[in-house]
Amino acid sequence: MSLKEVDSTNTFLKNILSNSKPVPDGTVIMAEHQFAGRGQRENTWHAEPGKNLTFSILLRPSFLSASQQFYLTCAVSMGIYDALHPLLRDSLKIKWPNDIYYGDNKLGGMLIENILQGTQIKSAIIGIGLNVNQQNFPDNAVNATSVRKILQKDYDLKNILAEICNHIEAYYLHLKAGRLEFVRDTYLNRLYRLNERHQFKSNGQVFEGVIKDVKESGLLLVEQDTGGQLYNLKEIEFVNT
């Protein structure tokens, strides 16, 4: 389904679900203009109307338990990565947990909202924002980039959307078949700053460390001079140097 304008495609899908209307697994809602898009850490997502991809996918991964939520993050991140890699090659990376980066610049990100039933994931609403044809960004989007800015060429939004959905489906089917470690290992191999020494910030303190792993729980393992430390999403920031 394609919408001209909506506050948030995730909110739109949640409203449909809350009205108990049947929504098939794999439903995609795309918006030409999303005026209240949301990202991680309560951030907003700004996108120029008609220039970028802002869409949500409904999945029903009842075969995953609540403790396996991060595998879904890996599958969706890799789906986007594989769709874009033929265009952007090896400068493309996934910044933990689920931002899409080209070099040190952000191309896109996602917000996954899981609805649990007991210990299983009943449904997952996956909101994705990807900068495709936008050339100018607000001043506060300091490291934003787009496919257009990188390659100096416009791309068909619906073609890229179709590629992303196809690749997400492929990784989703891997999860469904129980190939969880394959999906997580593939994700790790594409991780931004993996095994590189960089600066991070936690509790107001800047320190140097090396990303070594992402645990099944989604926690980031950073090796420091004092040993390995695990971090949740809101406990650590990447410092650009």
# chains A, B, ... in the order shown; residues from 1 in each chain; ligands from 1

call {"tool": "select_by_dssp", "arguments": {"residues": "region 33-94 of chain A", "states": "strand (DSSP E or B)", "output": "MDAnalysis selection string"}}
result
chainID A and resid 33:34 37:38 44:45 53:59 65 92:94

call {"tool": "residues_around", "arguments": {"residues": "Gly103 (chain A)", "least_positions_apart": "4", "cutoff": "10 Å", "atoms": "only C-alpha atoms", "output": "ChimeraX atom specification"}}
result
/A:90-93,107,145,192-193

call {"tool": "residues_around", "arguments": {"residues": "region 200-215 of chain A", "least_positions_apart": "4", "cutoff": "6 Å", "atoms": "only C-alpha atoms", "output": "ChimeraX atom specification"}}
result
/A:194-196,219-224,235-239

call {"tool": "write_last_selection", "arguments": {"atoms": "N, CA and C atoms", "output": "short mmCIF file (atom, residue, chain, number, x, y, z; two decimals), in the first residue's frame"}}
result
data_model
loop_
_atom_site.label_atom_id
_atom_site.label_comp_id
_atom_site.auth_asym_id
_atom_site.auth_seq_id
_atom_site.Cartn_x
_atom_site.Cartn_y
_atom_site.Cartn_z
N LEU A 194 34.09 -2.93 13.05
CA LEU A 194 34.42 -4.21 13.68
C LEU A 194 35.94 -4.39 13.69
N ASN A 195 36.46 -4.77 14.85
CA ASN A 195 37.90 -5.05 15.03
C ASN A 195 38.80 -3.84 14.73
N GLU A 196 38.23 -2.63 14.83
CA GLU A 196 39.03 -1.41 14.64
C GLU A 196 39.04 -0.62 15.95
N LEU A 219 23.54 -7.15 22.74
CA LEU A 219 24.50 -6.31 23.45
C LEU A 219 25.82 -6.25 22.67
N LEU A 220 26.43 -5.07 22.67
CA LEU A 220 27.67 -4.83 21.95
C LEU A 220 28.86 -5.11 22.87
N LEU A 221 29.79 -5.95 22.41
CA LEU A 221 30.98 -6.25 23.19
C LEU A 221 32.14 -5.38 22.69
N VAL A 222 32.62 -4.51 23.57
CA VAL A 222 33.73 -3.62 23.24
C VAL A 222 34.91 -3.96 24.14
N GLU A 223 36.03 -4.32 23.51
CA GLU A 223 37.26 -4.65 24.24
C GLU A 223 38.01 -3.36 24.57
N GLN A 224 38.32 -3.21 25.85
CA GLN A 224 39.06 -2.03 26.32
C GLN A 224 40.33 -2.49 27.03
N GLU A 235 23.56 2.93 26.28
CA GLU A 235 24.69 3.00 27.21
C GLU A 235 25.99 3.41 26.55
N ILE A 236 26.03 3.51 25.22
CA ILE A 236 27.28 3.81 24.53
C ILE A 236 27.00 4.62 23.27
N GLU A 237 27.91 5.53 22.95
CA GLU A 237 27.84 6.31 21.73
C GLU A 237 29.14 6.15 20.95
N PHE A 238 29.02 6.18 19.62
CA PHE A 238 30.21 6.19 18.77
C PHE A 238 30.70 7.63 18.68
N VAL A 239 32.00 7.82 18.79
CA VAL A 239 32.60 9.15 18.66
C VAL A 239 33.28 9.23 17.30
#

call {"tool": "select_by_dssp", "arguments": {"residues": "region 24-131 of chain A", "states": "helix (DSSP H, G or I)", "output": "PyMOL selection string"}}
result
chain A and resi 40-42+66-91

call {"tool": "residues_around", "arguments": {"residues": "Pro61 (chain A)", "least_positions_apart": "5", "cutoff": "10 Å", "atoms": "only C-alpha atoms", "output": "PDB file with all heavy atoms, in the first residue's frame"}}
result
ATOM      1  N   ASP A  25       1.055 -11.381   6.799  1.00  0.00           N
ATOM      2  CA  ASP A  25       2.504 -11.389   6.992  1.00  0.00           C
ATOM      3  C   ASP A  25       3.171 -10.841   5.733  1.00  0.00           C
ATOM      4  O   ASP A  25       2.838 -11.235   4.616  1.00  0.00           O
ATOM      5  CB  ASP A  25       2.956 -12.845   7.232  1.00  0.00           C
ATOM      6  CG  ASP A  25       4.369 -12.944   7.768  1.00  0.00           C
ATOM      7  OD1 ASP A  25       4.928 -11.917   8.168  1.00  0.00           O
ATOM      8  OD2 ASP A  25       4.905 -14.070   7.789  1.00  0.00           O
ATOM      9  N   GLN A  69      14.931 -11.610  19.694  1.00  0.00           N
ATOM     10  CA  GLN A  69      14.541 -10.435  18.909  1.00  0.00           C
ATOM     11  C   GLN A  69      15.671  -9.897  18.038  1.00  0.00           C
ATOM     12  O   GLN A  69      15.440  -9.393  16.940  1.00  0.00           O
ATOM     13  CB  GLN A  69      14.057  -9.310  19.832  1.00  0.00           C
ATOM     14  CG  GLN A  69      12.772  -9.631  20.571  1.00  0.00           C
ATOM     15  CD  GLN A  69      12.330  -8.490  21.473  1.00  0.00           C
ATOM     16  OE1 GLN A  69      12.244  -7.355  21.031  1.00  0.00           O
ATOM     17  NE2 GLN A  69      12.048  -8.779  22.733  1.00  0.00           N
ATOM     18  N   LEU A  72      16.085 -10.854  14.359  1.00  0.00           N
ATOM     19  CA  LEU A  72      15.236 -10.157  13.395  1.00  0.00           C
ATOM     20  C   LEU A  72      15.911  -8.860  12.949  1.00  0.00           C
ATOM     21  O   LEU A  72      15.897  -8.512  11.759  1.00  0.00           O
ATOM     22  CB  LEU A  72      13.865  -9.869  14.021  1.00  0.00           C
ATOM     23  CG  LEU A  72      12.774  -9.369  13.078  1.00  0.00           C
ATOM     24  CD1 LEU A  72      12.501 -10.370  11.965  1.00  0.00           C
ATOM     25  CD2 LEU A  72      11.492  -9.092  13.856  1.00  0.00           C
ATOM     26  N   ASN A 114       8.290  -4.718  18.387  1.00  0.00           N
ATOM     27  CA  ASN A 114       7.781  -6.082  18.517  1.00  0.00           C
ATOM     28  C   ASN A 114       6.588  -6.145  19.452  1.00  0.00           C
ATOM     29  O   ASN A 114       6.564  -5.483  20.491  1.00  0.00           O
ATOM     30  CB  ASN A 114       8.879  -7.016  19.042  1.00  0.00           C
ATOM     31  CG  ASN A 114      10.008  -7.190  18.043  1.00  0.00           C
ATOM     32  OD1 ASN A 114       9.761  -7.440  16.866  1.00  0.00           O
ATOM     33  ND2 ASN A 114      11.246  -7.062  18.495  1.00  0.00           N
ATOM     34  N   GLN A 120       6.751 -15.465  22.998  1.00  0.00           N
ATOM     35  CA  GLN A 120       7.039 -15.420  21.557  1.00  0.00           C
ATOM     36  C   GLN A 120       6.730 -14.034  20.974  1.00  0.00           C
ATOM     37  O   GLN A 120       5.993 -13.254  21.562  1.00  0.00           O
ATOM     38  CB  GLN A 120       6.195 -16.465  20.814  1.00  0.00           C
ATOM     39  CG  GLN A 120       6.415 -17.901  21.259  1.00  0.00           C
ATOM     40  CD  GLN A 120       7.868 -18.343  21.155  1.00  0.00           C
ATOM     41  OE1 GLN A 120       8.511 -18.583  22.164  1.00  0.00           O
ATOM     42  NE2 GLN A 120       8.370 -18.435  19.932  1.00  0.00           N
ATOM     43  N   ILE A 121       7.318 -13.764  19.790  1.00  0.00           N
ATOM     44  CA  ILE A 121       7.019 -12.524  19.080  1.00  0.00           C
ATOM     45  C   ILE A 121       5.778 -12.765  18.221  1.00  0.00           C
ATOM     46  O   ILE A 121       5.814 -13.529  17.262  1.00  0.00           O
ATOM     47  CB  ILE A 121       8.199 -12.087  18.186  1.00  0.00           C
ATOM     48  CG1 ILE A 121       9.474 -11.921  19.024  1.00  0.00           C
ATOM     49  CG2 ILE A 121       7.865 -10.765  17.494  1.00  0.00           C
ATOM     50  CD1 ILE A 121      10.709 -11.605  18.210  1.00  0.00           C
ATOM     51  N   LYS A 122       4.700 -12.114  18.577  1.00  0.00           N
ATOM     52  CA  LYS A 122       3.449 -12.282  17.821  1.00  0.00           C
ATOM     53  C   LYS A 122       3.545 -11.576  16.476  1.00  0.00           C
ATOM     54  O   LYS A 122       3.175 -12.110  15.426  1.00  0.00           O
ATOM     55  CB  LYS A 122       2.277 -11.728  18.635  1.00  0.00           C
ATOM     56  CG  LYS A 122       0.924 -11.865  17.929  1.00  0.00           C
ATOM     57  CD  LYS A 122      -0.179 -11.219  18.758  1.00  0.00           C
ATOM     58  CE  LYS A 122      -1.519 -11.330  18.051  1.00  0.00           C
ATOM     59  NZ  LYS A 122      -2.573 -10.619  18.807  1.00  0.00           N
ATOM     60  N   SER A 123       4.039 -10.334  16.496  1.00  0.00           N
ATOM     61  CA  SER A 123       4.202  -9.573  15.257  1.00  0.00           C
ATOM     62  C   SER A 123       5.297  -8.539  15.448  1.00  0.00           C
ATOM     63  O   SER A 123       5.626  -8.164  16.571  1.00  0.00           O
ATOM     64  CB  SER A 123       2.892  -8.903  14.828  1.00  0.00           C
ATOM     65  OG  SER A 123       2.382  -8.095  15.860  1.00  0.00           O
ATOM     66  N   ALA A 124       5.858  -8.106  14.337  1.00  0.00           N
ATOM     67  CA  ALA A 124       6.916  -7.093  14.357  1.00  0.00           C
ATOM     68  C   ALA A 124       6.611  -6.051  13.300  1.00  0.00           C
ATOM     69  O   ALA A 124       6.349  -6.393  12.141  1.00  0.00           O
ATOM     70  CB  ALA A 124       8.272  -7.737  14.085  1.00  0.00           C
ATOM     71  N   TYR A 172      14.627 -13.564   6.266  1.00  0.00           N
ATOM     72  CA  TYR A 172      13.509 -13.973   7.126  1.00  0.00           C
ATOM     73  C   TYR A 172      13.267 -15.480   7.001  1.00  0.00           C
ATOM     74  O   TYR A 172      13.035 -16.179   7.992  1.00  0.00           O
ATOM     75  CB  TYR A 172      12.266 -13.187   6.710  1.00  0.00           C
ATOM     76  CG  TYR A 172      11.039 -13.371   7.571  1.00  0.00           C
ATOM     77  CD1 TYR A 172      11.039 -13.034   8.918  1.00  0.00           C
ATOM     78  CD2 TYR A 172       9.844 -13.844   7.019  1.00  0.00           C
ATOM     79  CE1 TYR A 172       9.896 -13.172   9.696  1.00  0.00           C
ATOM     80  CE2 TYR A 172       8.697 -13.976   7.789  1.00  0.00           C
ATOM     81  CZ  TYR A 172       8.734 -13.644   9.129  1.00  0.00           C
ATOM     82  OH  TYR A 172       7.596 -13.783   9.888  1.00  0.00           O
ATOM     83  N   LEU A 175      15.781 -17.358   8.981  1.00  0.00           N
ATOM     84  CA  LEU A 175      15.387 -17.419  10.394  1.00  0.00           C
ATOM     85  C   LEU A 175      14.312 -18.483  10.609  1.00  0.00           C
ATOM     86  O   LEU A 175      14.385 -19.259  11.566  1.00  0.00           O
ATOM     87  CB  LEU A 175      14.856 -16.059  10.862  1.00  0.00           C
ATOM     88  CG  LEU A 175      15.832 -14.881  10.926  1.00  0.00           C
ATOM     89  CD1 LEU A 175      15.121 -13.649  11.462  1.00  0.00           C
ATOM     90  CD2 LEU A 175      17.051 -15.201  11.783  1.00  0.00           C
ATOM     91  N   LYS A 176      13.355 -18.495   9.709  1.00  0.00           N
ATOM     92  CA  LYS A 176      12.234 -19.445   9.826  1.00  0.00           C
ATOM     93  C   LYS A 176      12.727 -20.888   9.766  1.00  0.00           C
ATOM     94  O   LYS A 176      12.178 -21.781  10.411  1.00  0.00           O
ATOM     95  CB  LYS A 176      11.230 -19.177   8.697  1.00  0.00           C
ATOM     96  CG  LYS A 176       9.803 -19.579   9.021  1.00  0.00           C
ATOM     97  CD  LYS A 176       8.862 -19.004   7.978  1.00  0.00           C
ATOM     98  CE  LYS A 176       7.421 -19.238   8.398  1.00  0.00           C
ATOM     99  NZ  LYS A 176       6.466 -18.611   7.458  1.00  0.00           N
TER     100      LYS A 176
END

call {"tool": "atom_distance", "arguments": {"atom1": "CA of Val183 (chain A)", "atom2": "CA of Met78 (chain A)"}}
result
8.1 Å

call {"tool": "atom_distance", "arguments": {"atom1": "CA of Leu161 (chain A)", "atom2": "CA of Tyr187 (chain A)"}}
result
20.2 Å

call {"tool": "closest_atom_pairs", "arguments": {"of": "region 51-97 of chain A", "to": "region 10-18 of chain A", "cutoff": "10 Å", "atoms": "only C-alpha atoms", "output": "Markdown table"}}
result
| residue | atom | partner | partner_atom | distance |
| --- | --- | --- | --- | --- |
| A:Thr54 | CA | A:Asn10 | CA | 9.9 |
| A:Phe55 | CA | A:Asn10 | CA | 7.9 |
| A:Ser56 | CA | A:Asn10 | CA | 5.8 |
| A:Ile57 | CA | A:Asn10 | CA | 8.3 |
| A:Leu58 | CA | A:Leu13 | CA | 7.6 |

call {"tool": "write_last_selection", "arguments": {"atoms": "C-alpha atoms", "output": "PDB file, in the first residue's frame"}}
result
ATOM      1  CA  THR A  54       9.962   5.655   4.190  1.00  0.00           C
ATOM      2  CA  PHE A  55       8.045   2.430   4.708  1.00  0.00           C
ATOM      3  CA  SER A  56       7.048  -0.219   7.204  1.00  0.00           C
ATOM      4  CA  ILE A  57       6.796  -3.983   6.940  1.00  0.00           C
ATOM      5  CA  LEU A  58       4.616  -6.211   9.096  1.00  0.00           C
TER       6      LEU A  58
END

call {"tool": "residues_around", "arguments": {"residues": "Asn131 (chain A)", "least_positions_apart": "5", "cutoff": "8 Å", "atoms": "only C-alpha atoms", "output": "PyMOL selection string"}}
result
chain A and resi 47+51-53+107-108+145-147

call {"tool": "closest_residue", "arguments": {"among": "A:Glu48, A:Tyr71, A:Val28, A:Lys234", "to": "Gln135 (chain A)", "atoms": "only C-alpha atoms"}}
result
A:Glu48

call {"tool": "closest_residue", "arguments": {"among": "A:Asp225, A:Thr186, A:Gln134, A:Leu230", "to": "Asp154 (chain A)", "atoms": "only C-alpha atoms"}}
result
A:Gln134

call {"tool": "atom_distance", "arguments": {"atom1": "CA of Ile112 (chain A)", "atom2": "CA of Arg184 (chain A)"}}
result
16.7 Å

call {"tool": "decode", "arguments": {"residues": "region 56-98 of chain A", "atoms": "N, CA and C atoms", "output": "mmCIF file, in the first residue's frame"}}
result
data_model
loop_
_atom_site.group_PDB
_atom_site.id
_atom_site.type_symbol
_atom_site.label_atom_id
_atom_site.label_comp_id
_atom_site.auth_asym_id
_atom_site.auth_seq_id
_atom_site.Cartn_x
_atom_site.Cartn_y
_atom_site.Cartn_z
ATOM 1 N N SER A 56 7.090 0.747 6.107
ATOM 2 C CA SER A 56 7.048 -0.219 7.204
ATOM 3 C C SER A 56 6.606 -1.577 6.666
ATOM 4 N N ILE A 57 7.144 -2.603 7.293
ATOM 5 C CA ILE A 57 6.796 -3.983 6.940
ATOM 6 C C ILE A 57 6.233 -4.656 8.183
ATOM 7 N N LEU A 58 5.156 -5.395 8.005
ATOM 8 C CA LEU A 58 4.616 -6.211 9.096
ATOM 9 C C LEU A 58 5.073 -7.656 8.901
ATOM 10 N N LEU A 59 5.727 -8.194 9.917
ATOM 11 C CA LEU A 59 6.095 -9.614 9.909
ATOM 12 C C LEU A 59 5.465 -10.290 11.119
ATOM 13 N N ARG A 60 5.283 -11.581 11.000
ATOM 14 C CA ARG A 60 4.704 -12.355 12.108
ATOM 15 C C ARG A 60 5.650 -13.501 12.471
ATOM 16 N N PRO A 61 6.791 -13.164 13.097
ATOM 17 C CA PRO A 61 7.811 -14.182 13.391
ATOM 18 C C PRO A 61 7.537 -14.938 14.687
ATOM 19 N N SER A 62 6.406 -15.631 14.735
ATOM 20 C CA SER A 62 6.016 -16.333 15.967
ATOM 21 C C SER A 62 6.966 -17.492 16.280
ATOM 22 N N PHE A 63 7.846 -17.817 15.322
ATOM 23 C CA PHE A 63 8.838 -18.874 15.541
ATOM 24 C C PHE A 63 10.033 -18.356 16.344
ATOM 25 N N LEU A 64 10.086 -17.026 16.595
ATOM 26 C CA LEU A 64 11.149 -16.445 17.400
ATOM 27 C C LEU A 64 10.636 -16.114 18.796
ATOM 28 N N SER A 65 11.454 -16.390 19.797
ATOM 29 C CA SER A 65 11.082 -16.013 21.163
ATOM 30 C C SER A 65 11.502 -14.568 21.415
ATOM 31 N N ALA A 66 10.998 -14.009 22.499
ATOM 32 C CA ALA A 66 11.341 -12.633 22.840
ATOM 33 C C ALA A 66 12.848 -12.467 23.007
ATOM 34 N N SER A 67 13.514 -13.505 23.513
ATOM 35 C CA SER A 67 14.969 -13.431 23.722
ATOM 36 C C SER A 67 15.746 -13.496 22.407
ATOM 37 N N GLN A 68 15.058 -13.802 21.304
ATOM 38 C CA GLN A 68 15.719 -13.893 19.991
ATOM 39 C C GLN A 68 15.415 -12.691 19.098
ATOM 40 N N GLN A 69 14.931 -11.610 19.694
ATOM 41 C CA GLN A 69 14.541 -10.435 18.909
ATOM 42 C C GLN A 69 15.671 -9.897 18.038
ATOM 43 N N PHE A 70 16.905 -9.991 18.540
ATOM 44 C CA PHE A 70 18.009 -9.379 17.807
ATOM 45 C C PHE A 70 18.265 -10.064 16.460
ATOM 46 N N TYR A 71 17.908 -11.344 16.353
ATOM 47 C CA TYR A 71 18.085 -12.027 15.064
ATOM 48 C C TYR A 71 17.240 -11.364 13.974
ATOM 49 N N LEU A 72 16.085 -10.854 14.359
ATOM 50 C CA LEU A 72 15.236 -10.157 13.395
ATOM 51 C C LEU A 72 15.911 -8.860 12.949
ATOM 52 N N THR A 73 16.532 -8.150 13.891
ATOM 53 C CA THR A 73 17.306 -6.951 13.549
ATOM 54 C C THR A 73 18.400 -7.294 12.541
ATOM 55 N N CYS A 74 19.102 -8.395 12.777
ATOM 56 C CA CYS A 74 20.166 -8.829 11.855
ATOM 57 C C CYS A 74 19.607 -9.112 10.466
ATOM 58 N N ALA A 75 18.480 -9.820 10.412
ATOM 59 C CA ALA A 75 17.895 -10.211 9.125
ATOM 60 C C ALA A 75 17.470 -8.997 8.310
ATOM 61 N N VAL A 76 16.822 -8.041 8.961
ATOM 62 C CA VAL A 76 16.350 -6.846 8.245
ATOM 63 C C VAL A 76 17.537 -5.990 7.807
ATOM 64 N N SER A 77 18.512 -5.815 8.699
ATOM 65 C CA SER A 77 19.703 -5.024 8.360
ATOM 66 C C SER A 77 20.426 -5.623 7.158
ATOM 67 N N MET A 78 20.563 -6.945 7.152
ATOM 68 C CA MET A 78 21.258 -7.609 6.049
ATOM 69 C C MET A 78 20.447 -7.542 4.758
ATOM 70 N N GLY A 79 19.123 -7.563 4.872
ATOM 71 C CA GLY A 79 18.287 -7.426 3.681
ATOM 72 C C GLY A 79 18.517 -6.101 2.988
ATOM 73 N N ILE A 80 18.600 -5.025 3.787
ATOM 74 C CA ILE A 80 18.868 -3.696 3.220
ATOM 75 C C ILE A 80 20.286 -3.651 2.653
ATOM 76 N N TYR A 81 21.227 -4.197 3.409
ATOM 77 C CA TYR A 81 22.625 -4.210 2.961
ATOM 78 C C TYR A 81 22.762 -4.913 1.609
ATOM 79 N N ASP A 82 22.184 -6.095 1.490
ATOM 80 C CA ASP A 82 22.326 -6.865 0.241
ATOM 81 C C ASP A 82 21.645 -6.189 -0.942
ATOM 82 N N ALA A 83 20.574 -5.447 -0.664
ATOM 83 C CA ALA A 83 19.890 -4.733 -1.750
ATOM 84 C C ALA A 83 20.742 -3.579 -2.265
ATOM 85 N N LEU A 84 21.491 -2.931 -1.373
ATOM 86 C CA LEU A 84 22.283 -1.750 -1.743
ATOM 87 C C LEU A 84 23.710 -2.077 -2.159
ATOM 88 N N HIS A 85 24.212 -3.230 -1.767
ATOM 89 C CA HIS A 85 25.620 -3.547 -2.015
ATOM 90 C C HIS A 85 26.013 -3.530 -3.498
ATOM 91 N N PRO A 86 25.168 -4.000 -4.423
ATOM 92 C CA PRO A 86 25.552 -3.912 -5.841
ATOM 93 C C PRO A 86 25.813 -2.479 -6.307
ATOM 94 N N LEU A 87 25.169 -1.503 -5.657
ATOM 95 C CA LEU A 87 25.379 -0.100 -6.013
ATOM 96 C C LEU A 87 26.566 0.508 -5.268
ATOM 97 N N LEU A 88 26.686 0.205 -3.980
ATOM 98 C CA LEU A 88 27.599 0.948 -3.110
ATOM 99 C C LEU A 88 28.838 0.168 -2.677
ATOM 100 N N ARG A 89 28.854 -1.106 -2.937
ATOM 101 C CA ARG A 89 30.019 -1.962 -2.690
ATOM 102 C C ARG A 89 30.472 -1.936 -1.227
ATOM 103 N N ASP A 90 31.784 -2.117 -1.005
ATOM 104 C CA ASP A 90 32.252 -2.460 0.331
ATOM 105 C C ASP A 90 32.374 -1.285 1.299
ATOM 106 N N SER A 91 32.115 -0.066 0.835
ATOM 107 C CA SER A 91 32.052 1.060 1.786
ATOM 108 C C SER A 91 30.752 1.034 2.574
ATOM 109 N N LEU A 92 29.838 0.180 2.163
ATOM 110 C CA LEU A 92 28.554 0.014 2.852
ATOM 111 C C LEU A 92 28.767 -0.827 4.110
ATOM 112 N N LYS A 93 28.220 -0.376 5.236
ATOM 113 C CA LYS A 93 28.358 -1.105 6.501
ATOM 114 C C LYS A 93 27.067 -0.995 7.299
ATOM 115 N N ILE A 94 26.938 -1.858 8.301
ATOM 116 C CA ILE A 94 25.832 -1.773 9.252
ATOM 117 C C ILE A 94 26.404 -1.276 10.576
ATOM 118 N N LYS A 95 25.943 -0.122 11.013
ATOM 119 C CA LYS A 95 26.388 0.400 12.311
ATOM 120 C C LYS A 95 25.455 -0.149 13.396
ATOM 121 N N TRP A 96 26.048 -0.796 14.380
ATOM 122 C CA TRP A 96 25.254 -1.395 15.452
ATOM 123 C C TRP A 96 24.317 -0.365 16.080
ATOM 124 N N PRO A 97 23.041 -0.732 16.310
ATOM 125 C CA PRO A 97 22.494 -2.053 16.002
ATOM 126 C C PRO A 97 21.929 -2.192 14.585
ATOM 127 N N ASN A 98 21.436 -1.089 13.989
ATOM 128 C CA ASN A 98 20.739 -1.271 12.712
ATOM 129 C C ASN A 98 20.725 -0.030 11.822
#
